[in-house]
Amino acid sequence: MFDWDFLIACFPELTDAFLITISAAILGFLFASIIGLIVAVIVEIKVPILYRALLWGNEFVRGTPLLVQMFFLFYVLPDWGIKLGPMQAGILALGIHYASYCSEAYRSGIRAIPKSQWDATKALNLGLPTTLRAVILPQMFRVVTPMLGNYLIAIFKDTPLLSAITVVEVLQVAKILGANNFKYLEPLTAIGFLFLLVSLVAAYLVRKLERKLELSYA
């Protein structure tokens, strides 16, 4: 039988842990979006040597599991003198992993800008930094914002992996509550509902933003 009283008793601890989950998702996404943009610009303007290394790095990160990357940052780096806390390692892993996907989204957005835009900046004798800041990137962001919203949702749904490196996020708390009371159904159902609710709201907002920012080029 579903124990509603136990579920209500669990909610304070679950909601506190859920705030940690949301914080990790937001910080991981901010890191991913910033690093992804830097990588995309370097690759698209073809900075010598560096852009090839970043291309291969992107392929390596996308080709390996996020959980393995978390284990590497948390368990292996200390052997090399770099010790990260569980939350730090988790956010860094989420950021690096999704930066590789964000960079590809940015690159597709940059390539979606008509060539005439680039030609116009050359005719106006604008430097590359000014071209990117004033012309290319503002248009690119309008194209890729819906994709970035989808990556935010994906990062949010991947945060339960943080429990594997001892981050006391919402899944870990649910497992602890279940083990202590021999009742797993109620806490796991609660976090499933919380994840579903936040994901549905985020997906709705992303679709709404996509319709608002939709561009068509002649």
# chains A, B, ... in the order shown; residues from 1 in each chain; ligands from 1
call {"tool": "residues_around", "arguments": {"residues": "Phe11 in chain A", "least_positions_apart": "5", "cutoff": "10 Å", "atoms": "only C-alpha atoms", "output": "PyMOL selection string"}}
result
chain A and resi 6+16-18+174+186-187+190-191
call {"tool": "write_last_selection", "arguments": {"atoms": "C-alpha atoms", "output": "tab-separated table (two decimals), in the first residue's frame"}}
result
chain	number	residue	atom	x	y	z
A	6	PHE	CA	5.47	8.61	4.91
A	16	ASP	CA	16.14	20.34	0.15
A	17	ALA	CA	18.04	17.78	-1.89
A	18	PHE	CA	16.12	18.77	-5.02
A	174	ALA	CA	15.48	9.06	-1.74
A	186	GLU	CA	7.08	6.66	-1.87
A	187	PRO	CA	10.39	8.60	-2.12
A	190	ALA	CA	8.05	11.64	-5.34
A	191	ILE	CA	11.33	12.39	-7.11
call {"tool": "residues_around", "arguments": {"residues": "Pro65 in chain A", "least_positions_apart": "6", "cutoff": "12 Å", "atoms": "only C-alpha atoms", "output": "PyMOL selection string"}}
result
chain A and resi 59+71-72+93-94+96-98+158+161
call {"tool": "residues_around", "arguments": {"residues": "Phe31 in chain A", "least_positions_apart": "6", "cutoff": "8 Å", "atoms": "only C-alpha atoms", "output": "PDB file with C-alpha atoms, in the first residue's frame"}}
result
ATOM      1  CA  LEU A  92      32.700  20.107 -13.974  1.00  0.00           C
ATOM      2  CA  GLY A  95      29.852  21.175 -17.943  1.00  0.00           C
ATOM      3  CA  ILE A  96      32.594  19.507 -19.976  1.00  0.00           C
ATOM      4  CA  ALA A  99      30.005  21.798 -23.647  1.00  0.00           C
TER       5      ALA A  99
END
call {"tool": "select_by_dssp", "arguments": {"residues": "chain A", "states": "helix (DSSP H, G or I)", "output": "PyMOL selection string"}}
result
chain A and resi 4-44+50-63+66-80+86-112+115-123+128-165+170-181+185-213
call {"tool": "closest_residue", "arguments": {"among": "A:Arg52, A:Arg62, A:Lys46, A:Lys212", "to": "Thr145 in chain A", "atoms": "only C-alpha atoms"}}
result
A:Lys212
call {"tool": "atom_distance", "arguments": {"atom1": "CA of Phe29 in chain A", "atom2": "CA of Leu152 in chain A"}}
result
6.0 Å
call {"tool": "residues_around", "arguments": {"residues": "Val201 in chain A", "least_positions_apart": "5", "cutoff": "10 Å", "atoms": "only C-alpha atoms", "output": "list in words"}}
result
Ile153, Leu196 and Val206 of chain A
call {"tool": "decode", "arguments": {"residues": "range 106-143 of chain A", "atoms": "N, CA and C atoms", "output": "short mmCIF file (atom, residue, chain, number, x, y, z; two decimals), in the first residue's frame"}}
result
data_model
loop_
_atom_site.label_atom_id
_atom_site.label_comp_id
_atom_site.auth_asym_id
_atom_site.auth_seq_id
_atom_site.Cartn_x
_atom_site.Cartn_y
_atom_site.Cartn_z
N TYR A 106 26.25 25.67 -31.36
CA TYR A 106 26.73 27.01 -31.73
C TYR A 106 27.28 27.03 -33.14
N ARG A 107 28.04 25.98 -33.48
CA ARG A 107 28.62 25.93 -34.82
C ARG A 107 27.53 25.88 -35.89
N SER A 108 26.48 25.10 -35.63
CA SER A 108 25.38 25.04 -36.60
C SER A 108 24.69 26.40 -36.71
N GLY A 109 24.59 27.11 -35.58
CA GLY A 109 23.99 28.44 -35.61
C GLY A 109 24.83 29.43 -36.38
N ILE A 110 26.15 29.36 -36.18
CA ILE A 110 27.04 30.27 -36.92
C ILE A 110 26.96 29.99 -38.42
N ARG A 111 26.91 28.71 -38.77
CA ARG A 111 26.86 28.36 -40.20
C ARG A 111 25.50 28.67 -40.82
N ALA A 112 24.49 28.88 -39.96
CA ALA A 112 23.17 29.23 -40.49
C ALA A 112 23.08 30.70 -40.88
N ILE A 113 24.05 31.50 -40.44
CA ILE A 113 24.06 32.92 -40.81
C ILE A 113 24.41 33.03 -42.30
N PRO A 114 23.60 33.74 -43.08
CA PRO A 114 23.88 33.85 -44.52
C PRO A 114 25.26 34.43 -44.80
N LYS A 115 25.89 33.98 -45.85
CA LYS A 115 27.23 34.47 -46.23
C LYS A 115 27.22 35.97 -46.48
N SER A 116 26.06 36.48 -46.90
CA SER A 116 25.97 37.92 -47.16
C SER A 116 26.26 38.75 -45.92
N GLN A 117 25.95 38.19 -44.73
CA GLN A 117 26.23 38.90 -43.49
C GLN A 117 27.74 39.06 -43.29
N TRP A 118 28.47 37.99 -43.56
CA TRP A 118 29.93 38.05 -43.45
C TRP A 118 30.51 39.02 -44.49
N ASP A 119 29.98 38.95 -45.71
CA ASP A 119 30.48 39.83 -46.77
C ASP A 119 30.22 41.30 -46.42
N ALA A 120 29.08 41.58 -45.80
CA ALA A 120 28.77 42.96 -45.43
C ALA A 120 29.75 43.49 -44.38
N THR A 121 30.12 42.63 -43.43
CA THR A 121 31.06 43.08 -42.41
C THR A 121 32.44 43.35 -43.01
N LYS A 122 32.80 42.55 -44.02
CA LYS A 122 34.08 42.80 -44.69
C LYS A 122 34.03 44.11 -45.47
N ALA A 123 32.88 44.38 -46.11
CA ALA A 123 32.73 45.62 -46.87
C ALA A 123 32.79 46.84 -45.95
N LEU A 124 32.31 46.68 -44.72
CA LEU A 124 32.35 47.77 -43.75
C LEU A 124 33.68 47.82 -43.01
N ASN A 125 34.59 46.89 -43.35
CA ASN A 125 35.92 46.84 -42.75
C ASN A 125 35.86 46.63 -41.23
N LEU A 126 34.93 45.79 -40.81
CA LEU A 126 34.83 45.46 -39.39
C LEU A 126 35.82 44.36 -39.04
N GLY A 127 36.46 44.48 -37.91
CA GLY A 127 37.37 43.44 -37.46
C GLY A 127 36.60 42.21 -37.01
N LEU A 128 37.33 41.10 -36.85
CA LEU A 128 36.68 39.86 -36.46
C LEU A 128 35.98 39.95 -35.10
N PRO A 129 36.63 40.53 -34.08
CA PRO A 129 35.92 40.63 -32.78
C PRO A 129 34.62 41.42 -32.88
N THR A 130 34.63 42.52 -33.62
CA THR A 130 33.42 43.33 -33.78
C THR A 130 32.37 42.59 -34.60
N THR A 131 32.81 41.88 -35.63
CA THR A 131 31.89 41.09 -36.46
C THR A 131 31.17 40.05 -35.62
N LEU A 132 31.92 39.35 -34.79
CA LEU A 132 31.31 38.31 -33.96
C LEU A 132 30.37 38.92 -32.92
N ARG A 133 30.84 39.96 -32.25
CA ARG A 133 30.07 40.53 -31.14
C ARG A 133 28.81 41.25 -31.61
N ALA A 134 28.91 41.99 -32.70
CA ALA A 134 27.81 42.86 -33.11
C ALA A 134 26.90 42.27 -34.18
N VAL A 135 27.40 41.30 -34.94
CA VAL A 135 26.63 40.81 -36.09
C VAL A 135 26.30 39.31 -35.99
N ILE A 136 27.32 38.50 -35.84
CA ILE A 136 27.15 37.05 -35.96
C ILE A 136 26.53 36.43 -34.71
N LEU A 137 27.13 36.67 -33.55
CA LEU A 137 26.66 36.00 -32.33
C LEU A 137 25.23 36.36 -31.93
N PRO A 138 24.82 37.64 -32.03
CA PRO A 138 23.41 37.91 -31.69
C PRO A 138 22.42 37.13 -32.54
N GLN A 139 22.69 36.99 -33.83
CA GLN A 139 21.81 36.20 -34.69
C GLN A 139 21.91 34.71 -34.38
N MET A 140 23.14 34.26 -34.09
CA MET A 140 23.34 32.86 -33.78
C MET A 140 22.56 32.45 -32.54
N PHE A 141 22.58 33.30 -31.52
CA PHE A 141 21.89 32.96 -30.27
C PHE A 141 20.39 32.80 -30.50
N ARG A 142 19.82 33.58 -31.39
CA ARG A 142 18.40 33.44 -31.67
C ARG A 142 18.10 32.11 -32.35
N VAL A 143 19.06 31.60 -33.09
CA VAL A 143 18.87 30.31 -33.77
C VAL A 143 19.02 29.14 -32.80
#
